[in-house]
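The next block is my_file_29.cif, given as mmCIF, C-alpha atoms.
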```
data_my_file
loop_
_atom_site.label_atom_id
_atom_site.label_comp_id
_atom_site.auth_asym_id
_atom_site.auth_seq_id
_atom_site.Cartn_x
_atom_site.Cartn_y
_atom_site.Cartn_z
CA MET A 160 -18.96 -73.44 -69.75
CA GLN A 161 -21.04 -73.73 -66.63
CA ASN A 162 -18.89 -71.18 -64.81
CA ARG A 163 -19.11 -68.76 -67.70
CA SER A 164 -22.95 -68.87 -67.73
CA SER A 165 -23.33 -68.63 -63.92
CA LEU A 166 -21.37 -65.36 -63.74
CA PRO A 167 -23.95 -63.18 -65.53
CA ARG A 168 -26.73 -64.82 -63.54
CA SER A 169 -25.12 -63.98 -60.19
CA VAL A 170 -24.42 -60.43 -61.37
CA ALA A 171 -28.05 -60.10 -62.33
CA THR A 172 -29.11 -61.46 -58.95
CA VAL A 173 -26.91 -58.98 -57.12
CA ALA A 174 -28.25 -56.14 -59.28
CA LEU A 175 -31.82 -57.25 -58.55
CA ALA A 176 -31.07 -57.47 -54.83
CA LEU A 177 -29.57 -53.96 -54.85
CA ALA A 178 -32.52 -52.62 -56.79
CA LEU A 179 -34.99 -54.14 -54.33
CA TRP A 180 -32.89 -52.80 -51.46
CA ALA A 181 -32.81 -49.29 -52.87
CA LEU A 182 -36.45 -49.20 -53.92
CA PRO A 183 -37.97 -48.38 -50.53
CA SER A 184 -35.20 -45.93 -49.66
CA GLY A 185 -35.44 -42.17 -49.89
CA CYS A 186 -33.80 -38.94 -48.95
CA PHE A 187 -34.64 -35.28 -48.59
CA LEU A 188 -33.14 -31.86 -48.01
CA SER A 189 -35.13 -29.10 -46.38
CA ARG A 190 -34.48 -25.51 -45.45
CA SER A 191 -36.65 -23.39 -43.20
CA ARG A 192 -36.29 -19.84 -41.99
CA SER A 193 -37.89 -17.79 -39.26
CA ASN A 194 -38.37 -14.04 -39.24
CA PRO A 195 -36.99 -11.62 -41.83
CA GLU A 196 -33.27 -11.49 -42.56
CA LEU A 197 -31.23 -8.92 -40.63
CA SER A 198 -29.09 -6.57 -42.62
CA PRO A 199 -25.61 -6.01 -41.10
CA GLU A 200 -25.57 -2.66 -42.88
CA ALA A 201 -28.81 -1.56 -41.17
CA VAL A 202 -27.58 -2.80 -37.80
CA SER A 203 -24.31 -0.89 -38.19
CA ARG A 204 -26.32 2.33 -38.42
CA ILE A 205 -27.53 1.90 -34.83
CA VAL A 206 -25.10 3.97 -32.79
CA PRO A 207 -25.01 3.71 -28.97
CA GLY A 208 -25.34 7.12 -27.38
CA THR A 209 -26.95 8.59 -30.49
CA SER A 210 -29.70 6.33 -31.88
CA THR A 211 -33.13 6.08 -30.32
CA ALA A 212 -35.88 3.47 -30.19
CA ASP A 213 -37.55 5.24 -33.14
CA ASP A 214 -34.37 4.91 -35.19
CA VAL A 215 -34.13 1.20 -34.36
CA THR A 216 -37.76 0.60 -35.30
CA ARG A 217 -37.25 2.45 -38.57
CA LEU A 218 -34.15 0.38 -39.41
CA LEU A 219 -35.16 -3.09 -38.19
CA GLY A 220 -38.92 -3.00 -37.73
CA ALA A 221 -40.78 -4.45 -34.77
CA PRO A 222 -38.67 -6.58 -32.42
CA ASN A 223 -39.29 -10.29 -31.84
CA GLU A 224 -39.07 -9.85 -28.09
CA VAL A 225 -38.98 -6.99 -25.59
CA VAL A 226 -37.47 -7.51 -22.14
CA GLN A 227 -38.12 -5.02 -19.37
CA LEU A 228 -35.04 -4.35 -17.24
CA GLY A 229 -36.38 -2.02 -14.58
CA ARG A 230 -36.78 1.31 -16.38
CA LYS A 231 -34.44 0.16 -19.13
CA SER A 232 -35.25 -2.43 -21.77
CA ALA A 233 -33.73 -4.75 -24.35
CA TRP A 234 -35.11 -5.66 -27.76
CA LEU A 235 -34.36 -8.88 -29.60
CA TYR A 236 -34.22 -9.31 -33.37
CA GLU A 237 -33.56 -12.88 -34.52
CA HIS A 238 -33.51 -14.62 -37.89
CA THR A 239 -32.85 -18.38 -37.91
CA VAL A 240 -32.06 -20.80 -40.72
CA GLU A 241 -32.50 -24.54 -40.26
CA LYS A 242 -31.07 -26.96 -42.81
CA GLN A 243 -31.97 -30.61 -42.65
CA ALA A 244 -30.66 -33.60 -44.60
CA ALA A 245 -32.02 -37.11 -44.23
CA ALA A 246 -31.69 -40.51 -45.89
CA PHE A 247 -33.69 -43.67 -45.27
CA LEU A 248 -31.93 -46.96 -45.97
CA VAL A 249 -34.70 -49.53 -45.50
CA ILE A 250 -34.39 -50.08 -41.74
CA LEU A 251 -32.02 -47.22 -40.94
CA GLY A 252 -32.81 -43.51 -40.98
CA LEU A 253 -30.04 -40.92 -40.98
CA ARG A 254 -30.87 -37.29 -40.22
CA GLY A 255 -28.79 -34.17 -39.68
CA VAL A 256 -30.25 -30.84 -38.56
CA ASP A 257 -28.27 -27.61 -38.34
CA THR A 258 -29.86 -24.44 -36.96
CA GLN A 259 -27.98 -21.14 -36.96
CA ALA A 260 -29.07 -17.58 -36.26
CA ASP A 261 -28.51 -13.94 -36.97
CA ARG A 262 -29.28 -12.21 -33.70
CA VAL A 263 -29.26 -8.60 -32.50
CA TRP A 264 -29.98 -7.33 -28.99
CA VAL A 265 -30.43 -3.60 -28.57
CA PHE A 266 -30.32 -2.22 -25.02
CA PHE A 267 -32.10 1.03 -24.21
CA ASP A 268 -31.86 3.45 -21.29
CA GLU A 269 -34.96 4.74 -19.55
CA ASP A 270 -35.35 7.54 -22.11
CA GLY A 271 -35.33 5.16 -25.08
CA GLY A 272 -31.75 5.92 -26.11
CA VAL A 273 -29.57 3.07 -27.34
CA ILE A 274 -26.82 2.19 -24.88
CA ASN A 275 -25.52 -1.14 -26.25
CA VAL A 276 -25.91 -3.29 -29.36
CA GLY A 277 -24.96 -6.97 -29.39
CA THR A 278 -24.76 -8.71 -32.76
CA LEU A 279 -24.21 -12.22 -34.08
CA PHE A 280 -24.39 -13.17 -37.77
CA GLN A 281 -24.16 -16.95 -38.22
CA ALA A 282 -27.34 -17.90 -40.11
CA SER A 283 -25.39 -18.26 -43.36
CA GLU A 284 -23.20 -20.92 -41.69
CA ALA A 285 -26.04 -23.46 -41.44
CA GLU A 286 -25.11 -26.61 -43.39
CA TYR A 287 -26.75 -29.70 -44.83
CA ASP A 288 -24.92 -32.32 -42.78
CA LEU A 289 -25.97 -35.94 -43.23
CA PRO A 290 -24.43 -37.98 -40.42
CA ILE A 291 -22.30 -40.61 -42.10
CA PHE A 292 -20.38 -42.76 -39.66
CA MET B 815 -28.52 -72.65 -56.01
CA ALA B 816 -26.57 -69.45 -56.63
CA ALA B 817 -29.81 -67.49 -56.84
CA LEU B 818 -31.01 -69.07 -53.60
CA ARG B 819 -27.76 -68.05 -51.90
CA TRP B 820 -28.45 -64.38 -52.75
CA THR B 821 -32.19 -64.30 -52.24
CA SER B 822 -32.20 -65.87 -48.76
CA PRO B 823 -30.34 -62.97 -47.07
CA LEU B 824 -32.46 -60.55 -49.07
CA ALA B 825 -35.64 -62.22 -47.85
CA ALA B 826 -34.31 -62.11 -44.30
CA ALA B 827 -33.48 -58.41 -44.68
CA LEU B 828 -36.93 -57.59 -46.04
CA LEU B 829 -38.54 -59.57 -43.23
CA ALA B 830 -36.47 -57.70 -40.66
CA THR B 831 -37.53 -54.41 -42.26
CA ALA B 832 -41.04 -55.07 -41.09
CA CYS B 833 -40.16 -55.21 -37.41
CA VAL B 834 -36.83 -53.47 -36.69
CA THR B 835 -35.97 -49.85 -37.46
CA GLY B 836 -33.16 -47.58 -36.40
CA ASP B 837 -32.47 -43.82 -36.54
CA TYR B 838 -29.23 -41.95 -36.21
CA ASN B 839 -29.70 -38.21 -35.69
CA LYS B 840 -27.21 -35.41 -35.49
CA ASN B 841 -28.28 -31.98 -34.32
CA ARG B 842 -26.35 -28.71 -34.13
CA THR B 843 -28.02 -25.60 -32.77
CA PHE B 844 -26.09 -22.32 -32.55
CA GLN B 845 -22.36 -22.18 -31.80
CA ARG B 846 -20.12 -21.76 -28.81
CA PRO B 847 -18.73 -18.21 -28.43
CA PRO B 848 -15.03 -17.89 -29.33
CA TYR B 849 -12.71 -19.76 -26.97
CA GLY B 850 -10.90 -17.42 -24.63
CA ALA B 851 -13.55 -14.70 -24.78
CA TYR B 852 -15.31 -16.01 -21.67
CA GLU B 853 -12.05 -16.36 -19.73
CA ASP B 854 -11.16 -12.73 -20.47
CA LEU B 855 -14.26 -11.37 -18.72
CA VAL B 856 -13.39 -9.88 -15.33
CA VAL B 857 -15.86 -9.80 -12.46
CA GLY B 858 -16.30 -6.25 -11.15
CA VAL B 859 -14.76 -4.74 -14.29
CA THR B 860 -16.58 -6.09 -17.35
CA ASN B 861 -19.89 -4.43 -18.19
CA VAL B 862 -22.71 -5.49 -20.52
CA GLY B 863 -21.17 -3.68 -23.50
CA HIS B 864 -17.81 -5.42 -23.08
CA ALA B 865 -19.50 -8.81 -22.65
CA ILE B 866 -21.60 -8.64 -25.80
CA ASP B 867 -18.64 -7.28 -27.78
CA ALA B 868 -16.62 -10.32 -26.68
CA LEU B 869 -19.25 -13.08 -26.87
CA GLY B 870 -21.71 -11.73 -29.44
CA ALA B 871 -25.46 -11.38 -28.99
CA PRO B 872 -26.75 -13.65 -26.21
CA VAL B 873 -29.53 -16.19 -26.63
CA SER B 874 -31.50 -14.65 -23.79
CA VAL B 875 -31.65 -11.59 -21.57
CA ILE B 876 -33.57 -11.79 -18.31
CA GLU B 877 -34.10 -9.46 -15.42
CA VAL B 878 -32.67 -10.76 -12.14
CA GLY B 879 -33.47 -8.61 -9.13
CA ARG B 880 -32.33 -5.11 -10.06
CA GLY B 881 -29.76 -6.46 -12.46
CA LEU B 882 -29.83 -8.81 -15.42
CA ALA B 883 -28.48 -12.11 -16.68
CA LEU B 884 -27.28 -12.81 -20.20
CA SER B 885 -27.00 -16.38 -21.45
CA TRP B 886 -25.36 -18.07 -24.39
CA GLY B 887 -26.26 -21.67 -25.25
CA TRP B 888 -25.32 -24.11 -27.99
CA LEU B 889 -26.04 -27.73 -28.67
CA GLU B 890 -24.36 -30.52 -30.60
CA THR B 891 -25.96 -33.90 -30.12
CA THR B 892 -25.94 -37.30 -31.76
CA GLU B 893 -28.51 -39.89 -30.84
CA TRP B 894 -29.47 -43.44 -31.67
CA ASN B 895 -33.02 -44.73 -31.64
CA VAL B 896 -33.78 -48.40 -32.20
CA ALA B 897 -37.34 -49.72 -32.30
CA ALA B 898 -38.66 -53.25 -32.70
CA THR B 899 -42.26 -54.13 -33.40
CA VAL B 900 -43.32 -57.69 -32.59
CA PRO B 901 -46.71 -59.15 -33.52
CA ILE B 902 -48.46 -60.48 -30.42
CA GLY B 903 -51.75 -62.11 -31.35
CA ASP B 904 -53.89 -59.50 -33.07
CA ALA B 905 -51.88 -56.61 -31.61
CA ASN B 906 -48.34 -55.30 -32.07
CA GLY B 907 -45.87 -54.89 -29.23
CA ARG B 908 -43.27 -52.14 -29.64
CA LEU B 909 -39.94 -51.80 -27.87
CA GLN B 910 -37.99 -48.58 -28.27
CA PHE B 911 -34.55 -47.53 -27.13
CA GLU B 912 -33.56 -43.87 -27.25
CA ASP B 913 -30.06 -42.69 -26.45
CA THR B 914 -30.97 -39.11 -25.62
CA ASP B 915 -29.65 -36.91 -22.85
CA LEU B 916 -30.62 -33.37 -23.70
CA LYS B 917 -28.78 -30.85 -21.56
CA ILE B 918 -27.84 -27.57 -23.17
CA PRO B 919 -24.34 -26.35 -22.36
CA GLY B 920 -23.88 -22.64 -22.02
CA ILE B 921 -22.56 -19.55 -20.31
CA VAL B 922 -24.49 -17.24 -17.99
CA LEU B 923 -23.28 -13.81 -16.88
CA PHE B 924 -24.95 -11.93 -14.04
CA PHE B 925 -24.79 -8.14 -13.87
CA ASP B 926 -25.76 -5.77 -11.04
CA GLU B 927 -28.02 -2.73 -11.34
CA ASP B 928 -25.13 -0.73 -12.83
CA TRP B 929 -24.77 -3.52 -15.42
CA ARG B 930 -21.34 -4.53 -14.12
CA LEU B 931 -20.41 -8.24 -14.08
CA THR B 932 -20.90 -9.85 -10.69
CA THR B 933 -20.83 -13.57 -11.48
CA LYS B 934 -19.89 -15.68 -14.49
CA ARG B 935 -20.75 -19.33 -14.81
CA GLU B 936 -20.28 -22.06 -17.39
CA GLY B 937 -22.18 -25.37 -17.39
CA PHE B 938 -25.65 -26.54 -18.32
CA LEU B 939 -28.19 -23.75 -18.76
CA SER B 940 -30.88 -25.63 -16.85
CA ASP B 941 -28.60 -25.60 -13.80
CA LEU B 942 -27.35 -22.04 -14.23
CA LEU B 943 -30.38 -19.94 -15.11
CA PRO B 944 -32.62 -18.68 -12.31
CA ASN B 945 -36.35 -19.20 -12.60
CA GLN B 946 -37.78 -16.39 -14.64
CA GLN B 947 -39.86 -13.90 -12.65
CA PRO B 948 -42.44 -11.43 -13.95
CA PRO B 949 -40.98 -7.95 -14.55
CA ARG B 950 -40.55 -6.06 -11.30
CA ASP B 951 -42.68 -3.03 -10.50
CA VAL B 952 -40.54 -0.06 -11.47
CA ASP B 953 -42.41 2.13 -8.97
CA ASP B 954 -40.32 0.30 -6.35
CA ASP B 955 -37.47 2.51 -7.53
CA LEU B 956 -39.38 5.54 -6.31
CA THR B 957 -39.86 4.24 -2.79
CA GLU B 958 -36.28 4.95 -1.79
CA PRO B 959 -36.06 7.40 1.13
CA ASP B 960 -35.82 11.07 0.23
CA PRO B 961 -32.38 12.58 0.55
CA GLU B 962 -31.66 14.63 3.66
CA PRO B 963 -32.83 18.28 3.28
#
```
File written out as structure tokens:
Amino acid sequence: MQNRSSLPRSVATVALALALWALPSGCFLSRSRSNPELSPEAVSRIVPGTSTADDVTRLLGAPNEVVQLGRKSAWLYEHTVEKQAAAFLVILGLRGVDTQADRVWVFFDEDGGVINVGTLFQASEAEYDLPIF
Amino acid sequence: MAALRWTSPLAAALLATACVTGDYNKNRTFQRPPYGAYEDLVVGVTNVGHAIDALGAPVSVIEVGRGLALSWGWLETTEWNVAATVPIGDANGRLQFEDTDLKIPGIVLFFDEDWRLTTKREGFLSDLLPNQQPPRDVDDDLTEPDPEP
């Protein structure tokens, strides 16, 4: 009889202990972005040897960065996505941050004509990744 | 007695909460260009167009002399931080351990004034990238001697 009555009490104690353990814990997910998204379709309309700085500005807007390369130049367009996942287990914090970017560099000759376009579209690959070990 | 057996470790855990904390962080920033793409670049042959077609848009473009350097960087780190706070009289003493060694791996390609590849390097960006200089005076280009009449 004694064994039968002690079982529910120990279960209740464990449940209480778990509840107290979990009470101060927390978690969050966050997502932040910088700069407007870049449209692959708009970027594909920039044609080396044909497009000009005016065309690029019309399609993508003002660049995030301009680099002077002698009489030539390069313009940077970048959109980043950062996803963050975190959990706090009383004395232990776990946090994962993943930052990915869509990035376009447009290179111009000294007359403002496009000579090269470098593209990278990886912003959509950012993940919520909580480090579980 | 059974309750005491469960509550004692719980009390110890809650007590420890007050003075010991730990963090485990994982960070991924950008991605390495496709494997093999870097190896396929040929010094003296590859130009800027070929390089960005193969590796994608670089993280940075800087002017180096009359040429330029393109760099690609990516980062995947995991780090542990452990901190302990110990009451000492009216004040608190805090010990902290951080397992952090932040060096960004990457690729840097150097191009001459005709934008042809002269040097390619792989390693840590802080070791590979030259110190950035202000843009050069383009009027220097005009100071070349006049051609023979």
### Task
Name the residues captured by the PyMOL selection byres ((chain B) within 6 of (chain A)) when it is applied to the shown file; answer as a VMD selection string.
chain B and resid 831 835 to 844 863 866 870 to 871 877 952
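Rounded to one decimal, atom CA of Tyr236 of chain A and atom CA of Ile918 of chain B lie 21.9 Å from each other.
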#### Entry: Separation of atom CA of Pro944 of chain B from atom CA of Asp867 of chain B in Å
23.8 Å
### Task
Quote the spacing between atom CA of Ala898 of chain B and atom CA of Val834 of chain B in Å to one decimal place.
4.4 Å
Give me the box for segment 275-279 of chain A as AutoDock Vina command-line options, namely the centre and edge lengths in Å to one decimal of a box along x, y and z that holds every listed atom plus 6 Å on each side.
```
--center_x -25.1 --center_y -6.7 --center_z -30.2 --size_x 13.7 --size_y 23.1 --size_z 19.8
```
### Message
Quick check on the file I pasted: which residues fall under the PyMOL selection byres ((chain B and resi 869) around 12)? Write them as a PyMOL selection string.
### Response
(chain A and resi 277-279) or (chain B and resi 845-855+862-868+870-873+884-887+920-923)
### Task
Within 12 Å of Asp926 of chain B, counting only C-alpha atoms, which residues show up once you throw out same-chain ones fewer than 3 positions away? Write them as number ranges by chain, please.
A: 228-229; B: 857-862, 877-884, 923, 929-933
### Task
Using only C-alpha atoms, give me every residue within 12 Å of (-38.2, 3.7, -31.8) in file coordinates, as a ChimeraX atom specification.
/A:205,210-222,234,265-267,270-273
### Query
For the file shown, what are the residues hit by the PyMOL selection byres ((chain B and resi 938) around 7), laid out as a list in words?
Lys917, Ile918, Pro919, Gly920, Gly937, Leu939, Ser940, Asp941 and Leu942 of chain B
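Minimum distance to Leu197 of chain A across A:His238, A:Thr209, A:Ala174, A:Ser184 (counting only C-alpha atoms) occurs at A:His238.
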